[in-house]
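**Student:** What follows is the file query.cif, containing mmCIF, C-alpha atoms:
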data_my_file
loop_
_atom_site.label_atom_id
_atom_site.label_comp_id
_atom_site.auth_asym_id
_atom_site.auth_seq_id
_atom_site.Cartn_x
_atom_site.Cartn_y
_atom_site.Cartn_z
CA MET R 757 0.00 0.00 0.00
CA THR R 758 1.11 3.57 -0.61
CA ALA R 759 -0.24 6.87 0.61
CA HIS R 760 -3.71 7.83 -0.50
CA VAL R 761 -6.20 10.36 0.87
CA ALA R 762 -9.91 10.37 0.08
CA GLU R 763 -11.14 13.42 -1.81
CA ARG R 764 -13.35 15.92 -0.03
CA GLY R 765 -16.95 14.85 0.09
CA GLU R 766 -16.21 11.11 -0.14
CA GLY R 767 -16.45 10.60 3.61
CA ARG R 768 -13.78 7.92 3.45
CA GLY R 769 -10.78 9.81 4.77
CA ARG R 770 -8.90 13.10 5.01
CA VAL R 771 -5.65 14.52 6.42
CA VAL R 772 -5.80 14.30 10.20
CA LEU R 773 -3.51 16.95 11.69
CA ARG R 774 -2.79 16.09 15.31
CA LEU R 775 -2.19 19.04 17.62
CA THR R 776 -1.52 18.90 21.34
CA GLY R 777 -1.18 21.49 24.06
CA THR R 778 1.99 19.98 25.47
CA HIS R 779 4.33 20.49 22.51
CA THR R 780 4.90 23.41 20.17
CA ALA R 781 3.25 23.02 16.75
CA ASN R 782 5.60 23.52 13.82
CA GLU R 783 4.51 25.69 10.90
CA HIS R 784 6.34 23.49 8.37
CA ALA R 785 4.46 20.43 9.64
CA VAL R 786 1.14 22.23 9.28
CA ARG R 787 2.03 23.42 5.78
CA ALA R 788 3.07 19.86 4.87
CA ALA R 789 -0.36 18.61 5.95
CA ILE R 790 -1.99 21.32 3.84
CA ARG R 791 0.14 20.36 0.84
CA ILE R 792 -0.91 16.71 1.13
CA ALA R 793 -4.58 17.71 1.35
CA LYS R 794 -4.26 20.01 -1.64
CA ALA R 795 -2.45 17.35 -3.70
CA PHE R 796 -5.27 14.86 -3.15
CA HIS R 797 -8.13 17.43 -3.36
CA SER R 798 -8.94 16.50 0.21
CA GLU R 799 -9.57 18.34 3.46
CA ILE R 800 -8.03 18.60 6.90
CA GLU R 801 -9.35 17.62 10.28
CA SER R 802 -7.47 19.73 12.79
CA LEU R 803 -7.57 17.41 15.81
CA PHE R 804 -6.53 19.03 19.09
CA VAL R 805 -5.87 16.35 21.70
CA CYS R 806 -6.16 17.22 25.38
CA ASP R 807 -4.02 14.39 26.71
CA ARG R 808 -6.14 12.59 29.28
CA GLN R 809 -3.02 11.22 30.93
CA ILE R 810 -2.15 14.72 32.16
CA PHE R 811 -5.44 15.02 34.00
CA ASP R 812 -5.13 11.47 35.35
CA ALA R 813 -1.73 12.39 36.76
CA ALA R 814 -3.08 15.43 38.58
CA GLY R 815 -4.00 13.32 41.59
CA TYR R 816 -0.36 12.56 42.38
CA SER R 817 1.43 15.01 44.67
CA PHE R 818 4.78 14.61 42.92
CA VAL R 819 3.46 15.84 39.56
CA ARG R 820 4.58 19.33 38.54
CA GLU R 821 3.17 21.58 35.81
CA ILE R 822 5.45 23.74 33.67
CA GLY R 823 2.88 25.28 31.36
CA VAL R 824 0.82 24.27 28.37
CA ALA R 825 2.39 24.54 24.90
CA GLN R 826 5.68 25.82 26.32
CA ARG R 827 9.23 24.55 26.08
CA GLY R 828 12.13 25.31 28.31
CA GLY R 829 11.93 26.84 31.75
CA GLY R 830 9.23 28.75 33.56
CA VAL R 831 7.71 28.42 36.96
CA THR R 832 7.19 24.85 38.07
CA ARG R 833 4.06 24.37 40.10
CA ALA R 834 2.32 21.47 41.75
CA VAL R 835 -0.81 20.19 40.03
CA SER R 836 -3.78 19.63 42.29
CA ALA R 837 -7.25 18.37 41.58
CA THR R 838 -8.91 21.09 43.67
CA ALA R 839 -8.41 24.75 44.37
CA THR R 840 -9.29 24.58 48.07
CA ALA R 841 -6.80 26.79 49.86
CA THR R 842 -7.27 24.93 53.14
CA SER R 843 -6.18 21.61 51.66
CA ALA R 844 -2.85 20.43 52.96
CA ALA R 845 -1.92 19.32 49.44
CA VAL R 846 -2.31 22.80 48.01
CA THR R 847 0.32 25.46 48.55
CA SER R 848 0.57 29.02 47.29
CA ASN R 849 2.42 27.55 44.32
CA ALA R 850 -0.32 25.07 43.40
CA ILE R 851 -2.55 25.17 40.36
CA ASP R 852 -5.85 23.33 39.95
CA VAL R 853 -7.08 21.14 37.12
CA ALA R 854 -9.72 23.70 36.13
CA HIS R 855 -6.90 26.14 35.35
CA ILE R 856 -5.10 23.56 33.22
CA THR R 857 -8.36 22.84 31.37
CA ARG R 858 -8.73 26.53 30.65
CA GLN R 859 -5.17 26.69 29.34
CA PHE R 860 -5.86 23.82 26.97
CA GLU R 861 -9.06 25.47 25.75
CA LEU R 862 -7.27 28.74 24.98
CA THR R 863 -4.39 26.93 23.26
CA ALA R 864 -6.81 24.85 21.19
CA ARG R 865 -8.65 27.97 19.98
CA ARG R 866 -5.41 29.72 19.09
CA LEU R 867 -3.95 26.75 17.20
CA GLN R 868 -7.19 25.91 15.40
CA ARG R 869 -7.52 29.52 14.26
CA TRP R 870 -3.89 29.55 13.08
CA VAL R 871 -4.27 26.29 11.12
CA GLY R 872 -7.44 27.64 9.52
CA GLU R 873 -5.66 30.78 8.39
CA LEU R 874 -2.78 28.81 6.82
CA ALA R 875 -5.17 26.42 5.08
CA GLN R 876 -7.29 29.27 3.75
CA GLU R 877 -4.23 30.59 1.91
CA GLU R 878 -4.26 27.35 -0.14
CA ASP R 879 -8.05 27.03 -0.38
CA VAL R 880 -8.06 23.81 1.67
CA PRO R 881 -11.11 23.16 3.89
CA VAL R 882 -10.45 22.62 7.61
CA HIS R 883 -12.69 21.13 10.27
CA GLY R 884 -11.52 21.62 13.85
CA ARG R 885 -12.25 19.23 16.69
CA VAL R 886 -11.11 18.94 20.32
CA VAL R 887 -10.98 15.56 22.08
CA HIS R 888 -9.96 14.39 25.55
CA ASP R 889 -8.03 11.16 25.09
CA THR R 890 -4.54 9.74 24.78
CA PRO R 891 -2.77 10.96 21.61
CA LEU R 892 -2.55 7.50 20.06
CA ARG R 893 -6.12 6.47 20.77
CA ALA R 894 -7.41 9.83 19.58
CA LEU R 895 -5.80 9.21 16.18
CA SER R 896 -7.06 5.64 16.06
CA THR R 897 -10.63 6.74 16.77
CA ALA R 898 -10.48 9.62 14.29
CA CYS R 899 -9.27 7.38 11.46
CA GLN R 900 -11.90 4.75 12.23
CA MET R 901 -14.64 7.38 12.11
CA SER R 902 -13.80 8.28 8.54
CA GLY R 903 -11.66 5.78 6.70
CA PRO R 904 -9.80 3.95 5.40
CA TRP R 905 -8.03 6.59 3.29
CA ASN R 906 -6.50 8.90 5.90
CA VAL R 907 -3.04 10.41 6.16
CA VAL R 908 -1.98 11.53 9.63
CA ALA R 909 0.21 14.60 10.12
CA ILE R 910 2.03 15.18 13.40
CA ALA R 911 2.31 18.88 14.18
CA GLU R 912 5.35 18.61 16.46
CA PRO R 913 8.88 17.97 15.10
CA PHE R 914 9.84 14.32 15.33
CA THR R 915 12.56 12.93 17.55
CA GLY R 916 14.40 9.62 17.41
CA GLN R 917 11.98 8.35 20.04
CA VAL R 918 8.98 9.22 17.88
CA LEU R 919 10.44 7.35 14.91
CA THR R 920 11.06 4.24 17.00
CA ARG R 921 7.34 4.22 17.82
CA LEU R 922 6.15 4.42 14.22
CA ASP R 923 5.49 0.69 14.13
CA MET R 924 3.05 1.08 17.03
CA LEU R 925 1.38 4.00 15.25
CA PHE R 926 0.88 1.98 12.06
CA GLU R 927 -0.31 -1.02 14.04
CA ARG R 928 -2.84 0.85 16.18
CA VAL R 929 -4.12 3.38 13.65
CA THR R 930 -5.49 1.00 11.05
CA GLY R 931 -7.33 3.54 8.92
CA MET R 932 -4.11 5.38 8.07
CA THR R 933 -2.14 4.95 4.84
CA GLY R 934 0.76 7.19 5.85
CA VAL R 935 2.09 9.71 8.35
CA VAL R 936 3.70 13.09 7.68
CA LEU R 937 6.54 14.22 9.93
CA VAL R 938 9.04 17.07 10.01
CA GLY R 939 12.38 17.03 11.74
CA PRO R 940 13.71 19.47 14.32
CA ARG R 941 15.70 21.36 11.65
CA ALA R 942 12.82 21.77 9.20
CA THR R 943 12.90 24.87 7.02
CA ILE R 944 10.91 26.11 4.05
CA ALA R 945 12.00 23.72 1.31
CA HIS R 946 11.25 24.16 -2.39
CA GLY R 947 13.21 21.24 -3.82
CA PRO R 948 12.07 18.15 -5.71
CA VAL R 949 9.80 15.46 -4.35
CA VAL R 950 12.06 12.47 -3.69
CA ALA R 951 10.44 9.05 -3.50
CA VAL R 952 12.72 6.37 -2.10
CA ILE R 953 12.21 3.14 -4.06
CA GLU R 954 13.21 -0.11 -2.36
CA ASP R 955 10.65 -2.46 -3.89
CA LEU R 956 9.73 -2.71 -7.58
CA ASP R 957 6.08 -3.39 -6.72
CA ARG R 958 5.85 0.03 -5.06
CA VAL R 959 7.05 2.09 -8.02
CA THR R 960 3.64 2.90 -9.49
CA GLY R 961 2.09 3.97 -6.17
CA MET R 962 5.14 5.95 -5.04
CA LEU R 963 5.38 7.69 -8.40
CA ARG R 964 1.70 8.62 -8.40
CA THR R 965 1.97 10.15 -4.92
CA ALA R 966 5.19 12.00 -5.78
CA GLU R 967 3.70 13.45 -8.96
CA ARG R 968 0.63 14.68 -7.08
CA LEU R 969 2.80 16.45 -4.52
CA ALA R 970 5.09 17.90 -7.18
CA ARG R 971 2.18 19.42 -9.09
CA VAL R 972 1.17 21.50 -6.06
CA ASN R 973 4.38 23.53 -6.20
CA GLY R 974 5.43 22.84 -9.77
CA GLY R 975 8.52 20.88 -8.75
CA GLU R 976 10.23 17.86 -10.23
CA VAL R 977 10.18 14.22 -9.13
CA ILE R 978 13.21 12.10 -8.30
CA LEU R 979 13.01 8.35 -7.74
CA ALA R 980 15.91 7.47 -5.44
CA ILE R 981 16.83 3.79 -5.56
CA ALA R 982 18.02 2.13 -2.34
CA GLY R 983 19.22 -1.46 -2.14
CA VAL R 984 20.89 -3.78 0.33
CA SER R 985 23.76 -4.46 -2.09
CA ARG R 986 25.31 -2.88 -5.17
CA ALA R 987 23.95 -5.62 -7.40
CA ALA R 988 20.43 -5.30 -5.98
CA GLN R 989 20.49 -1.51 -6.23
CA SER R 990 21.78 -1.54 -9.81
CA TRP R 991 19.19 -4.12 -10.90
CA LEU R 992 16.35 -2.20 -9.24
CA LYS R 993 17.43 1.04 -10.89
CA SER R 994 17.38 -0.52 -14.35
CA GLU R 995 13.92 -2.00 -13.74
CA VAL R 996 12.54 1.28 -12.47
CA MET R 997 13.88 3.10 -15.51
CA HIS R 998 11.95 0.68 -17.74
CA VAL R 999 8.74 1.33 -15.77
CA VAL R 1000 8.98 5.12 -16.06
CA ALA R 1001 10.42 5.25 -19.57
CA ASP R 1002 7.15 6.29 -21.21
CA GLY R 1003 5.02 9.22 -20.12
CA HIS R 1004 6.89 10.22 -16.95
CA ASP R 1005 9.35 13.10 -16.77
CA VAL R 1006 11.25 11.95 -13.70
CA ALA R 1007 14.86 11.43 -12.71
CA VAL R 1008 16.06 8.04 -11.45
CA VAL R 1009 19.16 7.99 -9.26
CA GLU R 1010 20.87 5.60 -6.88
CA LEU R 1011 20.63 6.72 -3.26
CA GLY R 1012 24.12 6.73 -1.85
CA ARG R 1013 26.34 3.69 -1.54
CA ALA R 1014 24.43 0.43 -1.20
CA GLY R 1015 24.85 -1.16 2.22
CA GLY R 1016 26.32 2.02 3.69
CA GLY R 1017 23.79 2.25 6.51
CA ALA R 1018 21.37 4.86 7.78
CA ALA R 1019 23.90 7.70 7.98
CA VAL R 1020 24.96 7.23 4.35
CA LEU R 1021 21.35 7.20 3.14
CA ALA R 1022 20.49 10.27 5.19
CA GLU R 1023 23.43 12.20 3.77
CA ALA R 1024 22.52 11.11 0.23
CA LEU R 1025 19.00 12.42 0.77
CA ARG R 1026 20.34 15.72 2.08
CA GLN R 1027 22.48 16.17 -1.03
CA LEU R 1028 19.38 15.85 -3.23
CA ARG R 1029 17.99 18.96 -1.49
CA PRO R 1030 14.42 17.65 -1.47
CA GLY R 1031 11.27 19.61 -0.76
CA PHE R 1032 9.45 16.45 0.29
CA VAL R 1033 10.61 12.86 0.89
CA ILE R 1034 8.45 9.75 0.60
CA ALA R 1035 9.74 6.53 2.15
CA GLU R 1036 8.25 3.22 3.21
CA GLN R 1037 7.79 2.09 6.78
CA GLY R 1038 10.28 -0.56 7.80
CA GLY R 1039 12.59 0.08 4.85
CA LEU R 1040 16.23 1.12 4.72
CA VAL R 1041 15.53 4.83 5.25
CA VAL R 1042 12.89 4.37 7.98
CA PRO R 1043 13.69 0.94 9.47
CA HIS R 1044 11.75 -0.73 12.25
CA THR R 1045 14.72 -0.22 14.59
CA GLY R 1046 18.00 1.63 14.44
CA ASN R 1047 19.65 5.00 14.86
CA PHE R 1048 17.38 7.74 13.50
CA GLY R 1049 19.65 10.60 14.53
CA PRO R 1050 21.24 11.11 11.07
CA LEU R 1051 17.83 11.27 9.40
CA GLY R 1052 16.60 13.90 11.82
CA VAL R 1053 19.68 16.02 11.22
CA ALA R 1054 19.71 15.60 7.45
CA LEU R 1055 16.06 16.20 6.60
CA LEU R 1056 15.10 19.86 6.29
CA CYS R 1057 11.83 18.97 4.54
CA PRO R 1058 8.72 16.97 5.40
CA LEU R 1059 8.86 13.17 5.42
CA LEU R 1060 5.88 11.08 4.34
CA VAL R 1061 6.17 7.53 5.67
CA VAL R 1062 3.82 5.17 3.87
CA ARG R 1063 2.43 1.85 5.00
#
Let me see whether you can do it: turn the structure in this file into structure tokens.

**Tutor:**
Amino acid sequence: MTAHVAERGEGRGRVVLRLTGTHTANEHAVRAAIRIAKAFHSEIESLFVCDRQIFDAAGYSFVREIGVAQRGGGVTRAVSATATATSAAVTSNAIDVAHITRQFELTARRLQRWVGELAQEEDVPVHGRVVHDTPLRALSTACQMSGPWNVVAIAEPFTGQVLTRLDMLFERVTGMTGVVLVGPRATIAHGPVVAVIEDLDRVTGMLRTAERLARVNGGEVILAIAGVSRAAQSWLKSEVMHVVADGHDVAVVELGRAGGGAAVLAEALRQLRPGFVIAEQGGLVVPHTGNFGPLGVALLCPLLVVR
């Protein structure tokens, strides 16, 4: 399977943009979600998740609150379930759950309004929704409600830890064909759409998705061939060139040195200066396990990981 999003009005999927109040949303991630929706003539569900685990944790005295949608320092305060000043558990530094709820509500309104403004620039419809659940289950429920052709976009920059949990995301969120991520060094990228080809059977689907994305910004398409050995990579490249020989104006290149590992592939991708990268889950670029640090450093553009 490769990435596909149902068109608006079909009721069988859309781009689900997950926002939370505990991490800072990234503009490049939001714009990547909008680009996917525009490429597939789809729409966006802007899903703000109030993480239920935060409220569940409020009953523990050792829990501290450092602010919603903030990073870095700030005043650290105890979280309490009540605002009764006479309670022994509440000090002058304490903050009650009602206050946290209010913070989430204000953050949700601000982020939903911001996403709507960005989407309006590209004439992409947005429907906002706020849910109280765990982030993973919220996505699973959303994709089951309208599926099976959904693409999920994560609004916060990915970390190595996030990438190691992609298998769980694909396993639990069954109505999802792909997930869009941006790295911590994401910038505005206007380069080609690079589809990493590791399997001949995926060429048609990968190419179709890459061409859709390229048409949004008028860019070119590069099929980057990755193999476990030089012989396998060379054979795959020749086969792919036969597939795209007629009717497709695309470049076909070998991605780095075969067998060189994750760091070599990440550097090869960086040198292509892509505006968008498409790669398969569990492949050489996005393996089930491994060191994802080089990929996070190398990628300045959005990454679409397909099932």

**Student:** Name every residue that the PyMOL selection byres ((chain R and resi 1037) around 6) selects in this structure, writing the answer as a list of chain:residue names with chains first and numbers rising.

**Tutor:** R:Glu1036, R:Gly1038, R:Gly1039, R:Val1042, R:Val1061, R:Val1062, R:Arg1063

**Student:** Taking the file as shown, what set of residues would the PyMOL selection byres ((chain R and resi 981) around 9) give back, as a compact mmCIF listing (two decimals) with C-alpha atoms, keeping the file's coordinate frame?

**Tutor:**
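Heads up, here's the output in part37.txt:
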# COMPACT_ATOMS: atom_id res chain seq x y z
CA ALA R 951 10.44 9.05 -3.50
CA VAL R 952 12.72 6.37 -2.10
CA ILE R 953 12.21 3.14 -4.06
CA GLU R 954 13.21 -0.11 -2.36
CA ASP R 955 10.65 -2.46 -3.89
CA LEU R 979 13.01 8.35 -7.74
CA ALA R 980 15.91 7.47 -5.44
CA ALA R 982 18.02 2.13 -2.34
CA GLY R 983 19.22 -1.46 -2.14
CA GLN R 989 20.49 -1.51 -6.23
CA SER R 990 21.78 -1.54 -9.81
CA LEU R 992 16.35 -2.20 -9.24
CA LYS R 993 17.43 1.04 -10.89
CA VAL R 996 12.54 1.28 -12.47
CA VAL R 1008 16.06 8.04 -11.45
CA VAL R 1009 19.16 7.99 -9.26
CA GLU R 1010 20.87 5.60 -6.88
CA LEU R 1011 20.63 6.72 -3.26
CA GLY R 1012 24.12 6.73 -1.85

**Student:** Taking all atoms listed in the file into account, name the residue in R:Glu783, R:Glu967, R:Glu995, R:Glu799 that is nearest to Ala911 of chain R.

**Tutor:**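 Under the stated criterion, the closest residue is R:Glu783.
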
**Student:** Compare R:Ala987, R:Met932, R:Leu867, R:Cys806 by their minimum atom-to-atom distance to Trp905 of chain R, counting all atoms listed in the file, and give me the closest one.

**Tutor:**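 Distance minimum relative to Trp905 of chain R lands on R:Met932.
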
**Student:** Counting only C-alpha atoms, which residue out of R:Val1000, R:Cys1057, R:Leu1028, R:Val907 sits closest to Leu895 of chain R?

**Tutor:**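 Closest to Leu895 of chain R, using only C-alpha atoms: R:Val907.
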
**Student:** Please compute the atom CA of Val1006 of chain R-atom CA of Ala785 of chain R distance, one decimal, in Å.

**Tutor:**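 Computing the Euclidean distance for atom CA of Val1006 of chain R and atom CA of Ala785 of chain R yields 25.7 Å.
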
**Student:** Please expand the PyMOL selection byres ((chain R and resi 802) around 10) into the concrete residues it hits in this file, giving the result as a PDB file with C-alpha atoms, keeping the file's coordinate frame.

**Tutor:**
ATOM      1  CA  VAL R 771      -5.650  14.520   6.420  1.00  0.00           C
ATOM      2  CA  VAL R 772      -5.800  14.300  10.200  1.00  0.00           C
ATOM      3  CA  LEU R 773      -3.510  16.950  11.690  1.00  0.00           C
ATOM      4  CA  ARG R 774      -2.790  16.090  15.310  1.00  0.00           C
ATOM      5  CA  LEU R 775      -2.190  19.040  17.620  1.00  0.00           C
ATOM      6  CA  VAL R 786       1.140  22.230   9.280  1.00  0.00           C
ATOM      7  CA  ALA R 789      -0.360  18.610   5.950  1.00  0.00           C
ATOM      8  CA  GLU R 799      -9.570  18.340   3.460  1.00  0.00           C
ATOM      9  CA  ILE R 800      -8.030  18.600   6.900  1.00  0.00           C
ATOM     10  CA  GLU R 801      -9.350  17.620  10.280  1.00  0.00           C
ATOM     11  CA  LEU R 803      -7.570  17.410  15.810  1.00  0.00           C
ATOM     12  CA  PHE R 804      -6.530  19.030  19.090  1.00  0.00           C
ATOM     13  CA  VAL R 805      -5.870  16.350  21.700  1.00  0.00           C
ATOM     14  CA  ALA R 864      -6.810  24.850  21.190  1.00  0.00           C
ATOM     15  CA  LEU R 867      -3.950  26.750  17.200  1.00  0.00           C
ATOM     16  CA  GLN R 868      -7.190  25.910  15.400  1.00  0.00           C
ATOM     17  CA  ARG R 869      -7.520  29.520  14.260  1.00  0.00           C
ATOM     18  CA  VAL R 871      -4.270  26.290  11.120  1.00  0.00           C
ATOM     19  CA  GLY R 872      -7.440  27.640   9.520  1.00  0.00           C
ATOM     20  CA  VAL R 882     -10.450  22.620   7.610  1.00  0.00           C
ATOM     21  CA  HIS R 883     -12.690  21.130  10.270  1.00  0.00           C
ATOM     22  CA  GLY R 884     -11.520  21.620  13.850  1.00  0.00           C
ATOM     23  CA  ARG R 885     -12.250  19.230  16.690  1.00  0.00           C
ATOM     24  CA  VAL R 886     -11.110  18.940  20.320  1.00  0.00           C
ATOM     25  CA  ALA R 909       0.210  14.600  10.120  1.00  0.00           C
ATOM     26  CA  ALA R 911       2.310  18.880  14.180  1.00  0.00           C
TER      27      ALA R 911
END

**Student:** For Arg958 of chain R, which residue among R:Asn906, R:Gly1052, R:Val999, R:Arg1026 is the nearest when counting all atoms listed in the file?

**Tutor:**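 Checking each candidate against Arg958 of chain R, we get R:Val999 as the closest.
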
**Student:** With distances taken over all atoms listed in the file, which residue among R:Gly916, R:Gly1003, R:Pro948, R:Gly975 lies nearest Asn1047 of chain R?

**Tutor:**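 Distance minimum relative to Asn1047 of chain R lands on R:Gly916.
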
**Student:** Grab the atom CA of Ala966 of chain R to atom CA of His797 of chain R distance for me, in Å with one decimal place.

**Tutor:**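 According to the coordinates, atom CA of Ala966 of chain R and atom CA of His797 of chain R are separated by 14.6 Å.
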
**Student:** Leaving out segment 922-929 of chain R and any residue of its chain fewer than 4 positions from it, which residues lie within 7 Å of it when counting only C-alpha atoms, given as a PyMOL selection string?

**Tutor:** chain R and resi 895-896+899+918+1044

**Student:** Compare R:Asp807, R:Glu976, R:Asp879, R:Glu912 by their minimum atom-to-atom distance to Phe1032 of chain R, counting all atoms listed in the file, and give me the closest one.

**Tutor:** R:Glu976

**Student:** Rounded to one decimal, what separation in Å do you get between atom CA of Arg964 of chain R and atom CA of Ala759 of chain R?

**Tutor:**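 Computed distance, atom CA of Arg964 of chain R to atom CA of Ala759 of chain R, equals 9.4 Å.
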
**Student:** Using all atoms listed in the file, which protein or nucleic acid residues come within 7 Å of Ala1022 of chain R? Drop anything in the same chain fewer than 6 positions from it, and give the result as a list of chain:residue names.

**Tutor:**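 Close residues of Ala1022 of chain R: R:Pro1050, R:Leu1051, R:Ala1054.
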
**Student:** Please, which residues are within 7 Å of (21.4, -4.7, 0.6) by the file's coordinates, counting only C-alpha atoms, and could they come as an MDAnalysis selection string?

**Tutor:** chainID R and resid 983:985 988 1014:1015

**Student:** Please return as a list of chain:residue names every residue within 8 Å of (-7.5, 18.6, 1.9), taking into account all atoms listed in the file and the file's own coordinates.

**Tutor:**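 Residues with an atom close enough to that point: R:Glu763, R:Arg764, R:Arg770, R:Val771, R:Ile790, R:Arg791, R:Ile792, R:Ala793, R:Lys794, R:Ala795, R:Phe796, R:His797, R:Ser798, R:Glu799, R:Ile800, R:Val880, R:Pro881, R:Val882.
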
**Student:** Would you mind completing segment 1046-1063 of chain R so that it carries N, CA and C atoms, and writing it out as a compact mmCIF listing (two decimals), in the frame of the given file?

**Tutor:**
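Writing the result to out.txt gives the following:
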# COMPACT_ATOMS: atom_id res chain seq x y z
N GLY R 1046 16.72 1.10 14.87
CA GLY R 1046 18.00 1.63 14.44
C GLY R 1046 18.23 3.03 14.96
N ASN R 1047 19.28 3.65 14.45
CA ASN R 1047 19.65 5.00 14.86
C ASN R 1047 19.04 6.00 13.88
N PHE R 1048 18.07 6.79 14.36
CA PHE R 1048 17.38 7.74 13.50
C PHE R 1048 17.98 9.14 13.59
N GLY R 1049 19.04 9.28 14.37
CA GLY R 1049 19.65 10.60 14.53
C GLY R 1049 20.08 11.23 13.22
N PRO R 1050 20.80 10.50 12.34
CA PRO R 1050 21.24 11.11 11.07
C PRO R 1050 20.08 11.59 10.21
N LEU R 1051 18.99 10.87 10.21
CA LEU R 1051 17.83 11.27 9.40
C LEU R 1051 17.24 12.56 9.92
N GLY R 1052 17.13 12.68 11.23
CA GLY R 1052 16.60 13.90 11.82
C GLY R 1052 17.45 15.11 11.53
N VAL R 1053 18.76 14.92 11.50
CA VAL R 1053 19.68 16.02 11.22
C VAL R 1053 19.67 16.39 9.74
N ALA R 1054 19.57 15.37 8.88
CA ALA R 1054 19.71 15.60 7.45
C ALA R 1054 18.48 16.20 6.81
N LEU R 1055 17.30 15.81 7.27
CA LEU R 1055 16.06 16.20 6.60
C LEU R 1055 15.63 17.61 7.00
N LEU R 1056 15.61 18.51 6.06
CA LEU R 1056 15.10 19.86 6.29
C LEU R 1056 13.68 20.01 5.75
N CYS R 1057 13.15 18.93 5.17
CA CYS R 1057 11.83 18.97 4.54
C CYS R 1057 10.92 17.94 5.18
N PRO R 1058 9.64 17.96 4.86
CA PRO R 1058 8.72 16.97 5.40
C PRO R 1058 9.03 15.55 4.90
N LEU R 1059 8.67 14.59 5.73
CA LEU R 1059 8.86 13.17 5.42
C LEU R 1059 7.49 12.50 5.47
N LEU R 1060 7.10 11.85 4.37
CA LEU R 1060 5.88 11.08 4.34
C LEU R 1060 6.25 9.61 4.40
N VAL R 1061 5.90 8.95 5.51
CA VAL R 1061 6.17 7.53 5.67
C VAL R 1061 4.91 6.77 5.31
N VAL R 1062 4.99 5.87 4.35
CA VAL R 1062 3.82 5.17 3.87
C VAL R 1062 3.81 3.73 4.35
N ARG R 1063 2.59 3.21 4.50
CA ARG R 1063 2.43 1.85 5.00
C ARG R 1063 2.97 0.83 4.01
